[in-house]
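Asks: Here it is, the structure, as structure tokens.
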Amino acid sequence: MLLGAAFWTYERTERGLLAERRIAGEAKLALYGELLRGWLGKYRALPSIYAHEPDVVALLRDTADAGQTADVNAKLERWNATSGASVTYILDAQGVAVAASNWNSETSFIGTSYSFRPYFRQAMRGVLGRTFALGTVSGKRGYYFAYPVQDNGRIIGVVAVKMRVDTIEQELRLDTGAVFVTDSDGIVILAGPPHWRMKTLGPLTRETLRKIESDRLFPTAMLRPLPVEGMQASAQDTKVTAQPDRSGGAKMDFLHLSQPMPTERWRVHLLVETQGIGRQSLLTALLAGLAILTICLAGLLLWQRRRRMIGLLAAREETQRELERTVSERTANLRESNLQLERQVRERQQAEDDLRRTQSELIQAGKLAALGQMSAALSHEFNQPLAAIRTYSDNAVAFLDRGREEQASENLARISRLTERMARLSKHLTSFARKPKDTIEPVLLDTVLAETLALLHARIEGAGARIEAHLPPDTVVMGGQTRLQHVFMNLIGNALDATAPVADPVIIVRLEETDDTVRILVEDNGPGIAPDILPSIFDPFFSTKGPGKGLGLGLSISYNIMRDFDGSLQVENRAEGGARFIVTLGRAATLREAAE
Ligand code: ADP
């Protein structure tokens with residue numbers, strides 16, 4: 001494309017420049033044509049004017065008249081000088097010069113026959129004769145006009161005017177290019193460059209050569225081809241190469257233009273210089289090529305940049321898409337695992353609920369079992385005071401009957417105390433049977449222990465055990481009154497069971513405190529717990545007490561209750577023998593403070 005554009009520009013520029021030169025050349029050519037026509041016109045009329053001169057006619061009537069001849073010679077000389085012609089002369093019917101403007105010179109025409117000249121023959125036929133030829137005497141190129149001299153309709157002679165061509169050639173030489181004129185045979189008769197004169201455009205036919213020789217126009221030997229390469233006789237607009245200026249040296253390119261001069265059957269030629277056109281065109285083409293190249297490169301650069309941008313954007317979009325894909329995948333995964341988690345949490349909750357329900361049912365069952373166990377103790381507990389009350393009331397009636405009111409009232413007071421104890425017992429029982437609240441609240445520890453011991457009073461008495469409770473009075477822990485009581489009931493009950501075989505059963509309840517926890521230690525001097533059953537002691541239904549005596553629920557329920565309290569229940573064997581159960585609970589502020 002670049003080459004094409006450069007070539008096209010070259011062509012266009014060259015054509016444009018050539019056209020410019022051609023137009024200028026054609027104008028010049030027209031000018032030279034006019035110049036030549038003017039020059040010829042100046043002389044063309046002269047012979048016909050002279051032919052009508054009475055002296056001329058008279059001379060030709062009688063060529064022997066010497067006086068007449070001298071007269072005419074003088075006139076011819078004058079006319080010739082005035083017109084600026086080369087020679088003006090008169091030929092008789094045979095073509096011999098009878099009078100001439102140069103009658104006085106050594107090279108006078110007079111007496112010489114010019115019958116062979118075409119202009120003479122043409123004039124003798126009654127028309128204006130014209131011939132370009134070399135002068136036979138001078139050897140110089142000249143143009144001849146000839147006109148017949150008539151005497152009563154008979155042609156008796158011819159007036160001829162020879163013109164010099166050097167003056168017109170001077171003007172033709174002024175052109176920087178080259179101007180030359182060819183005749184009908186293609187012979188250069190007038191030329192700016194001197195070495196082009198009398199050269200031919202192309203090879204002459206034998207016939208033409210013969211005619212030239214017979215007319216003795218010029219010696220044929222001097223007719224050489226014009227040193228112009230690529231010349232065509234009547235061509236317009238052809239390119240030629242020539243060296244019009246001999247001194248200049250180098251050959252140059254020209255545009256060959258020509259224009260006919262129909263009257264003379266001549267042709268005016270002009271070689272227009274085209275020097276520099278090629279270089280200028282080449283330069284323009286190069287510039288155009290360079291411009292196009294620059295534009296193309298700029299375009300390419302822009303295009304590349306655009307492509308790079310598009311690539312970057314695409315990559316970014318791809319990354320974005322990738323990211324979005326990853327994010328959505330991860331989101332889906334997360335949602336999936338979330339759902340799974342939710343499901344698991346629900347299942348766990350369900351299981352926990354189930355467990356809790358089961359637990360509370362188990363607690364209930366444990367309570368019932370404890371109730372069953374306790375009923376024996378209770379019946380003893382109630383029967384003993386009832387029997388005492390009956391005795392006291394019977395005694396009181398007897399004392400009243402005897403008028404011993406003091407003893408009677410003492411008995412009544414004893415009865416009242418006994419009923420009070422019974423009422424307390426029954427109150428414990430109802431609180432034990434009630435389903436515990438789930439809330440955790442501050443509980444006064446020694447109250448819980450006192451109530452537990454009150455409930456177990458009969459069993460402790462029966463076992464003959466010694467209870468050593470060392471609890472600071474106002475210790476408050478986080479728990480539930482009833483449930484904590486249940487835990488202590490279990491632990492002290494188990495300790496009573498364990499110390500049954502021992503001679504001097506002792507149960508110690510003591511406290512260890514840290515900043516935020518309270519540890520209640522329940523110790524006994526029983527046999528302790530065998531190491532192999534230690535890990536399963538808190539399992540539900542684990543019991544060593546044999547059927548009908550223990551359900552194996554007590555410790556399990558206690559363990560779970562402690563967990564509900566965010567506390568713990570642990571067991572270990574004491575170094576000095578016996579078991580130690582450790583109840584750990586969160587410390588609370590004082591009851592009052594907590595209530596506030
Ligand atoms: P149960 O009292 O109905 O057997 P527990 O869960 O209360 O059920 O007790 C489980 C077992 O732990 C008891 O059977 C007993 O073997 C053992 N045990 C509990 N407390 C003591 C203790 N203070 N000394 C020795 N063994 C104990």
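By order in the structure tokens, chains are A, B, ...; within a chain, residues start at 1; ligands start at 1, following the order shown.
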Quick one: everything within 6 Å of stretch 48-52 of chain A, counting only C-alpha atoms, minus sequence neighbours fewer than 3 positions away in the same chain. Send it as a VMD selection string.

Replies: chain A and resid 45 147 149 159

Asks: Please dump the current selection as a JSON list (two decimals), in the first residue's frame; keep N, CA, C and O atoms.

Replies:
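Listing of selection_30.json after writing:
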```json
[["chain", "number", "residue", "atom", "x", "y", "z"],
["A", 45, "ALA", "N", 5.31, 39.76, -48.83],
["A", 45, "ALA", "CA", 4.63, 40.65, -49.78],
["A", 45, "ALA", "C", 5.59, 41.41, -50.71],
["A", 45, "ALA", "O", 5.20, 41.90, -51.76],
["A", 147, "TYR", "N", 8.23, 35.97, -56.80],
["A", 147, "TYR", "CA", 6.91, 36.31, -57.37],
["A", 147, "TYR", "C", 7.07, 36.57, -58.87],
["A", 147, "TYR", "O", 8.03, 37.18, -59.31],
["A", 149, "VAL", "N", 6.74, 38.10, -62.58],
["A", 149, "VAL", "CA", 6.54, 39.45, -63.17],
["A", 149, "VAL", "C", 5.80, 39.21, -64.47],
["A", 149, "VAL", "O", 6.25, 38.40, -65.31],
["A", 159, "VAL", "N", 10.74, 38.11, -59.47],
["A", 159, "VAL", "CA", 11.44, 38.92, -58.46],
["A", 159, "VAL", "C", 11.66, 38.01, -57.24],
["A", 159, "VAL", "O", 10.70, 37.39, -56.76]]
```

Asks: Taking the backbone alone, and naming residues the way the document does, which bits of stretch 218-283 of chain A are alpha helix (DSSP H) by DSSP, as a list of chain:residue names?

Replies: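 Listing alpha helix (DSSP H) positions across stretch 218-283 of chain A yields A:Ile277, A:Gly278, A:Arg279, A:Gln280, A:Ser281, A:Leu282, A:Leu283.
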
Asks: Go ahead and write the residues just picked, N, CA and C atoms, as a short mmCIF file (atom, residue, chain, number, x, y, z; two decimals), in the first residue's frame.

Replies:
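Saved result, again.cif, follows:
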```
data_model
loop_
_atom_site.label_atom_id
_atom_site.label_comp_id
_atom_site.auth_asym_id
_atom_site.auth_seq_id
_atom_site.Cartn_x
_atom_site.Cartn_y
_atom_site.Cartn_z
N ILE A 277 12.07 17.54 -12.64
CA ILE A 277 10.70 17.04 -12.40
C ILE A 277 10.77 15.70 -11.69
N GLY A 278 11.65 14.83 -12.23
CA GLY A 278 11.80 13.49 -11.65
C GLY A 278 12.19 13.59 -10.19
N ARG A 279 13.18 14.45 -9.91
CA ARG A 279 13.66 14.55 -8.54
C ARG A 279 12.57 15.10 -7.63
N GLN A 280 11.90 16.13 -8.17
CA GLN A 280 10.84 16.76 -7.37
C GLN A 280 9.72 15.75 -7.09
N SER A 281 9.38 14.98 -8.15
CA SER A 281 8.32 13.98 -7.98
C SER A 281 8.74 12.93 -6.96
N LEU A 282 10.02 12.54 -7.09
CA LEU A 282 10.54 11.52 -6.18
C LEU A 282 10.47 12.03 -4.75
N LEU A 283 10.85 13.30 -4.60
CA LEU A 283 10.85 13.91 -3.27
C LEU A 283 9.44 13.94 -2.70
#
```

Asks: Identify, on the basis of only C-alpha atoms, every residue whose closest approach to A:Ile212 does not exceed 12 Å; exclude the query and any residue fewer than 3 positions from it along the same chain; express the result as a list of chain:residue names.

Replies: A:Phe116, A:Arg117, A:Pro118, A:Thr131, A:Phe132, A:Ala133, A:Leu134, A:Asp185, A:Ile187, A:Leu204, A:Thr205, A:Arg206, A:Glu207, A:Thr208, A:Leu209, A:Asp215, A:Arg216, A:Leu217, A:Phe218, A:Pro219, A:Thr220, A:Ala221, A:Met222, A:Leu223

Asks: Using C-alpha atoms, can you write the selected residues to a file as an mmCIF file, in the first residue's frame?

Replies:
```cif
data_model
loop_
_atom_site.group_PDB
_atom_site.id
_atom_site.type_symbol
_atom_site.label_atom_id
_atom_site.label_comp_id
_atom_site.auth_asym_id
_atom_site.auth_seq_id
_atom_site.Cartn_x
_atom_site.Cartn_y
_atom_site.Cartn_z
ATOM 1 C CA PHE A 116 17.133 24.932 -60.665
ATOM 2 C CA ARG A 117 15.712 26.625 -57.583
ATOM 3 C CA PRO A 118 12.206 25.480 -56.678
ATOM 4 C CA THR A 131 12.282 27.748 -50.803
ATOM 5 C CA PHE A 132 14.705 27.147 -47.977
ATOM 6 C CA ALA A 133 18.192 26.525 -49.233
ATOM 7 C CA LEU A 134 21.860 27.182 -48.752
ATOM 8 C CA ASP A 185 10.946 16.719 -45.113
ATOM 9 C CA ILE A 187 15.051 18.764 -41.979
ATOM 10 C CA LEU A 204 15.213 10.615 -45.435
ATOM 11 C CA THR A 205 13.799 8.548 -48.265
ATOM 12 C CA ARG A 206 15.877 8.090 -51.310
ATOM 13 C CA GLU A 207 13.310 10.057 -53.295
ATOM 14 C CA THR A 208 13.600 13.060 -50.995
ATOM 15 C CA LEU A 209 17.393 12.921 -51.171
ATOM 16 C CA ASP A 215 17.013 21.169 -56.507
ATOM 17 C CA ARG A 216 20.508 21.781 -55.178
ATOM 18 C CA LEU A 217 18.994 22.930 -51.919
ATOM 19 C CA PHE A 218 21.889 21.765 -49.863
ATOM 20 C CA PRO A 219 24.522 19.088 -50.060
ATOM 21 C CA THR A 220 22.968 15.854 -48.834
ATOM 22 C CA ALA A 221 26.218 14.793 -47.252
ATOM 23 C CA MET A 222 25.728 17.260 -44.413
ATOM 24 C CA LEU A 223 22.299 15.871 -43.486
#
```

Asks: Write as a ChimeraX atom specification the residues around ligand 1, taking 8 Å as the cut-off and counting only C-alpha atoms and all ligand atoms.

Replies: /A:490-499,523-524,526-530,537-546,549-557,578-581

Asks: Kindly save the residues from that selection, with C-alpha atoms included, as a CSV table (one decimal), in the first residue's frame.

Replies:
```
chain,number,residue,atom,x,y,z
A,490,ASN,CA,-27.6,-37.8,98.2
A,491,LEU,CA,-24.0,-37.2,99.3
A,492,ILE,CA,-24.7,-37.4,103.0
A,493,GLY,CA,-27.1,-40.3,102.5
A,494,ASN,CA,-24.4,-42.2,100.6
A,495,ALA,CA,-21.9,-41.3,103.3
A,496,LEU,CA,-24.3,-42.7,105.9
A,497,ASP,CA,-24.6,-45.9,103.8
A,498,ALA,CA,-20.8,-46.1,103.4
A,499,THR,CA,-20.0,-45.6,107.1
A,523,GLU,CA,-16.0,-36.5,103.6
A,524,ASP,CA,-16.6,-39.7,105.5
A,526,GLY,CA,-16.0,-45.2,105.3
A,527,PRO,CA,-14.1,-47.7,103.2
A,528,GLY,CA,-13.7,-45.3,100.3
A,529,ILE,CA,-14.3,-46.1,96.7
A,530,ALA,CA,-12.5,-49.0,94.9
A,537,ILE,CA,-19.5,-43.8,89.9
A,538,PHE,CA,-21.5,-41.0,88.2
A,539,ASP,CA,-23.1,-43.2,85.6
A,540,PRO,CA,-26.8,-43.6,85.9
A,541,PHE,CA,-28.0,-46.9,87.4
A,542,PHE,CA,-24.5,-47.6,88.7
A,543,SER,CA,-24.9,-49.0,92.2
A,544,THR,CA,-23.1,-51.5,94.5
A,545,LYS,CA,-25.9,-51.6,97.0
A,546,GLY,CA,-27.8,-54.5,95.6
A,549,LYS,CA,-31.5,-50.8,98.2
A,550,GLY,CA,-30.0,-48.4,95.6
A,551,LEU,CA,-31.2,-47.3,92.2
A,552,GLY,CA,-27.8,-46.0,91.2
A,553,LEU,CA,-29.3,-42.6,90.2
A,554,GLY,CA,-28.3,-40.4,93.1
A,555,LEU,CA,-24.8,-39.4,92.0
A,556,SER,CA,-25.8,-39.2,88.3
A,557,ILE,CA,-28.7,-36.8,89.1
A,578,GLY,CA,-12.9,-42.8,103.2
A,579,ALA,CA,-14.4,-40.9,100.3
A,580,ARG,CA,-14.4,-37.2,99.6
A,581,PHE,CA,-17.0,-35.6,97.3
```

Asks: So, with only C-alpha atoms as the atoms that count, which of A:Leu313, A:Val72, A:Ile90, A:Val137 lies closest to A:Ser105?

Replies: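 Counting only C-alpha atoms, the residue closest to A:Ser105 is A:Val137.
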
Asks: Have a look at A:Ala288, A:Asn73, A:Tyr32, A:Glu169 and name the one nearest to A:Arg12; count only C-alpha atoms.

Replies: A:Ala288

Asks: Counting only C-alpha atoms, which residue out of A:Arg563, A:Arg21, A:His486, A:Arg587 sits closest to A:Arg356?

Replies: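 Closest to A:Arg356 of all the choices is A:Arg563.
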
Asks: Within 12 Å of A:Thr82, counting only C-alpha atoms, which residues show up once you throw out same-chain ones fewer than 6 positions away? Write them as a ChimeraX atom specification, please.

Replies: /A:42-43,46,75-76,88,101

Asks: Can you write just those residues out, all heavy atoms, as a PDB file, in the first residue's frame?

Replies:
```
ATOM      1  N   LYS A  42       6.679  39.677 -43.036  1.00  0.00           N
ATOM      2  CA  LYS A  42       7.371  40.945 -43.319  1.00  0.00           C
ATOM      3  C   LYS A  42       7.960  40.945 -44.740  1.00  0.00           C
ATOM      4  O   LYS A  42       7.998  41.962 -45.423  1.00  0.00           O
ATOM      5  CB  LYS A  42       8.483  41.108 -42.270  1.00  0.00           C
ATOM      6  CG  LYS A  42       9.105  42.468 -42.206  1.00  0.00           C
ATOM      7  CD  LYS A  42      10.028  42.508 -40.990  1.00  0.00           C
ATOM      8  CE  LYS A  42      11.262  43.346 -41.305  1.00  0.00           C
ATOM      9  NZ  LYS A  42      12.319  43.133 -40.318  1.00  0.00           N
ATOM     10  N   TYR A  43       8.377  39.746 -45.164  1.00  0.00           N
ATOM     11  CA  TYR A  43       9.065  39.670 -46.478  1.00  0.00           C
ATOM     12  C   TYR A  43       8.180  39.132 -47.598  1.00  0.00           C
ATOM     13  O   TYR A  43       8.460  39.328 -48.760  1.00  0.00           O
ATOM     14  CB  TYR A  43      10.303  38.785 -46.358  1.00  0.00           C
ATOM     15  CG  TYR A  43      11.326  39.338 -45.381  1.00  0.00           C
ATOM     16  CD1 TYR A  43      11.440  38.853 -44.099  1.00  0.00           C
ATOM     17  CD2 TYR A  43      12.179  40.386 -45.773  1.00  0.00           C
ATOM     18  CE1 TYR A  43      12.361  39.374 -43.194  1.00  0.00           C
ATOM     19  CE2 TYR A  43      13.103  40.911 -44.878  1.00  0.00           C
ATOM     20  CZ  TYR A  43      13.195  40.403 -43.604  1.00  0.00           C
ATOM     21  OH  TYR A  43      14.099  40.919 -42.735  1.00  0.00           O
ATOM     22  N   LEU A  46       6.884  41.442 -50.250  1.00  0.00           N
ATOM     23  CA  LEU A  46       7.842  42.289 -50.984  1.00  0.00           C
ATOM     24  C   LEU A  46       7.968  41.916 -52.474  1.00  0.00           C
ATOM     25  O   LEU A  46       7.820  42.776 -53.333  1.00  0.00           O
ATOM     26  CB  LEU A  46       9.213  42.272 -50.297  1.00  0.00           C
ATOM     27  CG  LEU A  46       9.271  42.932 -48.917  1.00  0.00           C
ATOM     28  CD1 LEU A  46      10.672  42.787 -48.327  1.00  0.00           C
ATOM     29  CD2 LEU A  46       8.917  44.404 -49.009  1.00  0.00           C
ATOM     30  N   LYS A  75      17.759  50.659 -57.518  1.00  0.00           N
ATOM     31  CA  LYS A  75      16.478  50.566 -56.785  1.00  0.00           C
ATOM     32  C   LYS A  75      16.465  49.337 -55.870  1.00  0.00           C
ATOM     33  O   LYS A  75      16.090  49.398 -54.702  1.00  0.00           O
ATOM     34  CB  LYS A  75      15.303  50.461 -57.789  1.00  0.00           C
ATOM     35  CG  LYS A  75      14.712  51.826 -58.134  1.00  0.00           C
ATOM     36  CD  LYS A  75      13.384  51.687 -58.865  1.00  0.00           C
ATOM     37  CE  LYS A  75      12.851  53.093 -59.154  1.00  0.00           C
ATOM     38  NZ  LYS A  75      11.787  53.052 -60.174  1.00  0.00           N
ATOM     39  N   LEU A  76      16.955  48.208 -56.490  1.00  0.00           N
ATOM     40  CA  LEU A  76      16.961  46.944 -55.727  1.00  0.00           C
ATOM     41  C   LEU A  76      17.834  47.065 -54.473  1.00  0.00           C
ATOM     42  O   LEU A  76      17.489  46.587 -53.388  1.00  0.00           O
ATOM     43  CB  LEU A  76      17.469  45.791 -56.602  1.00  0.00           C
ATOM     44  CG  LEU A  76      16.518  45.280 -57.688  1.00  0.00           C
ATOM     45  CD1 LEU A  76      17.187  44.187 -58.527  1.00  0.00           C
ATOM     46  CD2 LEU A  76      15.214  44.748 -57.103  1.00  0.00           C
ATOM     47  N   THR A  88      17.949  41.085 -52.840  1.00  0.00           N
ATOM     48  CA  THR A  88      16.739  41.214 -53.649  1.00  0.00           C
ATOM     49  C   THR A  88      17.222  41.206 -55.093  1.00  0.00           C
ATOM     50  O   THR A  88      18.150  41.953 -55.431  1.00  0.00           O
ATOM     51  CB  THR A  88      16.019  42.533 -53.333  1.00  0.00           C
ATOM     52  OG1 THR A  88      15.839  42.602 -51.915  1.00  0.00           O
ATOM     53  CG2 THR A  88      14.690  42.619 -54.045  1.00  0.00           C
ATOM     54  N   SER A 101      20.446  43.359 -55.884  1.00  0.00           N
ATOM     55  CA  SER A 101      20.845  44.403 -54.943  1.00  0.00           C
ATOM     56  C   SER A 101      22.358  44.348 -54.671  1.00  0.00           C
ATOM     57  O   SER A 101      22.977  45.338 -54.332  1.00  0.00           O
ATOM     58  CB  SER A 101      20.083  44.257 -53.622  1.00  0.00           C
ATOM     59  OG  SER A 101      20.322  42.980 -53.080  1.00  0.00           O
TER      60      SER A 101
END
```

Asks: So that I can check the surroundings of stretch 258-265 of chain A, please list as a VMD selection string every protein, DNA and RNA residue that reaches within 9 Å of it, counting only C-alpha atoms and ignoring chain neighbours fewer than 2 positions away.

Replies: chain A and resid 26 29 to 30 33 37 130 182 to 184 234 to 237 256 267 to 271

Asks: How would the residues just chosen look if you wrote them out with all heavy atoms as a compact mmCIF listing (two decimals), in the first residue's frame?

Replies:
```
# COMPACT_ATOMS: atom_id res chain seq x y z
N GLU A 26 3.51 25.10 -24.52
CA GLU A 26 2.61 25.33 -25.65
C GLU A 26 2.41 26.82 -25.89
O GLU A 26 2.33 27.28 -27.04
CB GLU A 26 1.29 24.61 -25.41
CG GLU A 26 1.34 23.21 -26.00
CD GLU A 26 0.29 22.26 -25.46
OE1 GLU A 26 -0.56 22.72 -24.67
OE2 GLU A 26 0.34 21.08 -25.82
N LEU A 29 5.40 27.95 -27.59
CA LEU A 29 5.38 27.44 -28.97
C LEU A 29 4.52 28.35 -29.86
O LEU A 29 4.92 28.71 -30.98
CB LEU A 29 4.83 26.02 -28.95
CG LEU A 29 5.32 25.08 -30.02
CD1 LEU A 29 6.82 25.00 -30.06
CD2 LEU A 29 4.74 23.69 -29.79
N ALA A 30 3.37 28.70 -29.32
CA ALA A 30 2.46 29.59 -30.07
C ALA A 30 3.15 30.93 -30.34
O ALA A 30 3.04 31.49 -31.44
CB ALA A 30 1.18 29.79 -29.27
N GLY A 33 5.67 30.51 -33.01
CA GLY A 33 4.93 30.40 -34.29
C GLY A 33 4.60 31.80 -34.82
O GLY A 33 4.85 32.11 -36.00
N ARG A 37 5.84 33.62 -38.10
CA ARG A 37 4.86 34.10 -39.10
C ARG A 37 5.05 35.60 -39.36
O ARG A 37 5.01 36.06 -40.49
CB ARG A 37 3.44 33.80 -38.63
CG ARG A 37 2.92 32.48 -39.19
CD ARG A 37 1.44 32.28 -38.89
NE ARG A 37 1.23 32.02 -37.47
CZ ARG A 37 1.37 30.80 -36.92
NH1 ARG A 37 1.70 29.77 -37.68
NH2 ARG A 37 1.19 30.62 -35.65
N ARG A 130 8.51 29.72 -52.77
CA ARG A 130 9.25 29.82 -51.49
C ARG A 130 10.14 28.59 -51.33
O ARG A 130 9.72 27.48 -51.59
CB ARG A 130 8.28 29.99 -50.32
CG ARG A 130 7.18 28.95 -50.31
CD ARG A 130 6.20 29.18 -49.18
NE ARG A 130 5.02 29.90 -49.60
CZ ARG A 130 4.25 30.59 -48.76
NH1 ARG A 130 4.58 30.68 -47.51
NH2 ARG A 130 3.18 31.21 -49.20
N THR A 182 11.38 22.60 -38.46
CA THR A 182 11.68 21.62 -39.51
C THR A 182 10.82 21.92 -40.73
O THR A 182 9.71 22.47 -40.59
CB THR A 182 11.40 20.19 -39.04
OG1 THR A 182 10.07 20.12 -38.56
CG2 THR A 182 12.37 19.78 -37.94
N ASP A 183 11.34 21.54 -41.89
CA ASP A 183 10.52 21.70 -43.11
C ASP A 183 9.71 20.44 -43.33
O ASP A 183 9.70 19.55 -42.48
CB ASP A 183 11.43 22.07 -44.29
CG ASP A 183 12.31 20.91 -44.71
OD1 ASP A 183 12.19 19.82 -44.09
OD2 ASP A 183 13.13 21.09 -45.62
N SER A 184 9.04 20.37 -44.47
CA SER A 184 8.13 19.25 -44.72
C SER A 184 8.88 17.92 -44.81
O SER A 184 8.29 16.87 -44.63
CB SER A 184 7.33 19.49 -45.99
OG SER A 184 8.23 19.75 -47.06
N SER A 234 6.42 14.09 -35.76
CA SER A 234 5.35 15.05 -35.47
C SER A 234 4.77 14.80 -34.08
O SER A 234 3.63 15.07 -33.81
CB SER A 234 4.25 14.93 -36.51
OG SER A 234 3.75 13.61 -36.49
N ALA A 235 5.59 14.19 -33.22
CA ALA A 235 5.04 13.77 -31.92
C ALA A 235 4.76 14.96 -31.02
O ALA A 235 5.39 16.00 -31.11
CB ALA A 235 6.03 12.85 -31.24
N GLN A 236 3.80 14.76 -30.22
CA GLN A 236 3.42 15.75 -29.22
C GLN A 236 3.69 15.08 -27.88
O GLN A 236 3.35 13.92 -27.71
CB GLN A 236 1.92 15.98 -29.32
CG GLN A 236 1.39 17.29 -29.85
CD GLN A 236 2.23 18.52 -29.56
OE1 GLN A 236 3.36 18.64 -30.01
NE2 GLN A 236 1.66 19.48 -28.87
N ASP A 237 4.29 15.78 -26.95
CA ASP A 237 4.32 15.24 -25.60
C ASP A 237 5.19 14.02 -25.43
O ASP A 237 4.91 13.21 -24.55
CB ASP A 237 2.88 14.81 -25.21
CG ASP A 237 2.40 15.69 -24.11
OD1 ASP A 237 3.15 16.59 -23.72
OD2 ASP A 237 1.29 15.44 -23.62
N HIS A 256 9.04 16.94 -25.64
CA HIS A 256 9.04 17.41 -27.03
C HIS A 256 7.64 17.86 -27.43
O HIS A 256 6.72 17.06 -27.44
CB HIS A 256 9.54 16.27 -27.94
CG HIS A 256 9.55 16.65 -29.39
ND1 HIS A 256 9.52 15.72 -30.40
CD2 HIS A 256 9.61 17.85 -30.00
CE1 HIS A 256 9.53 16.35 -31.57
NE2 HIS A 256 9.59 17.65 -31.35
N ARG A 267 7.17 22.99 -39.29
CA ARG A 267 6.72 22.59 -37.95
C ARG A 267 7.68 23.22 -36.95
O ARG A 267 8.89 23.12 -37.11
CB ARG A 267 6.73 21.07 -37.84
CG ARG A 267 6.04 20.53 -36.63
CD ARG A 267 5.85 19.02 -36.73
NE ARG A 267 4.50 18.65 -37.13
CZ ARG A 267 3.46 18.63 -36.30
NH1 ARG A 267 3.61 18.96 -35.04
NH2 ARG A 267 2.27 18.27 -36.73
N VAL A 268 7.10 23.89 -35.94
CA VAL A 268 7.94 24.50 -34.91
C VAL A 268 8.03 23.50 -33.75
O VAL A 268 7.02 22.97 -33.31
CB VAL A 268 7.32 25.81 -34.38
CG1 VAL A 268 8.34 26.56 -33.54
CG2 VAL A 268 6.81 26.64 -35.50
N HIS A 269 9.23 23.26 -33.33
CA HIS A 269 9.44 22.30 -32.23
C HIS A 269 9.99 23.02 -31.02
O HIS A 269 10.77 23.95 -31.16
CB HIS A 269 10.45 21.24 -32.65
CG HIS A 269 10.02 20.45 -33.84
ND1 HIS A 269 9.45 19.21 -33.76
CD2 HIS A 269 10.08 20.74 -35.17
CE1 HIS A 269 9.19 18.75 -34.97
NE2 HIS A 269 9.57 19.68 -35.86
N LEU A 270 9.55 22.54 -29.88
CA LEU A 270 10.11 23.09 -28.65
C LEU A 270 10.43 21.93 -27.71
O LEU A 270 9.62 21.04 -27.50
CB LEU A 270 9.08 24.03 -27.98
CG LEU A 270 9.47 24.55 -26.61
CD1 LEU A 270 10.64 25.52 -26.70
CD2 LEU A 270 8.30 25.26 -25.95
N LEU A 271 11.65 21.93 -27.23
CA LEU A 271 11.99 20.93 -26.19
C LEU A 271 11.91 21.64 -24.84
O LEU A 271 12.68 22.57 -24.57
CB LEU A 271 13.40 20.39 -26.41
CG LEU A 271 13.64 19.63 -27.71
CD1 LEU A 271 15.00 18.92 -27.66
CD2 LEU A 271 12.55 18.59 -27.97
```

Asks: Work out how far atom CA of A:Glu336 is from atom CA of A:Glu322, in Å to one decimal.

Replies: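 Taking atom CA of A:Glu322 as the start and atom CA of A:Glu336 as the end point, the length is 20.7 Å.
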
Asks: Counting only C-alpha atoms, which residue out of A:Leu400, A:Glu34, A:Gly186, A:Pro194 sits closest to A:Pro225?

Replies: A:Gly186

Asks: Got a sec to tell me which of stretch 10-213 of chain A DSSP assigns to strand (DSSP E), as JSON, numbers by chain?

Replies: {"A": [87, 88, 89, 90, 91, 92, 97, 98, 99, 100, 129, 130, 131, 132, 133, 134, 141, 142, 143, 144, 145, 146, 147, 148, 149, 150, 151, 154, 155, 156, 157, 158, 159, 160, 161, 162, 163, 164, 178, 179, 180, 181, 182, 188, 189, 190, 191, 199, 200]}
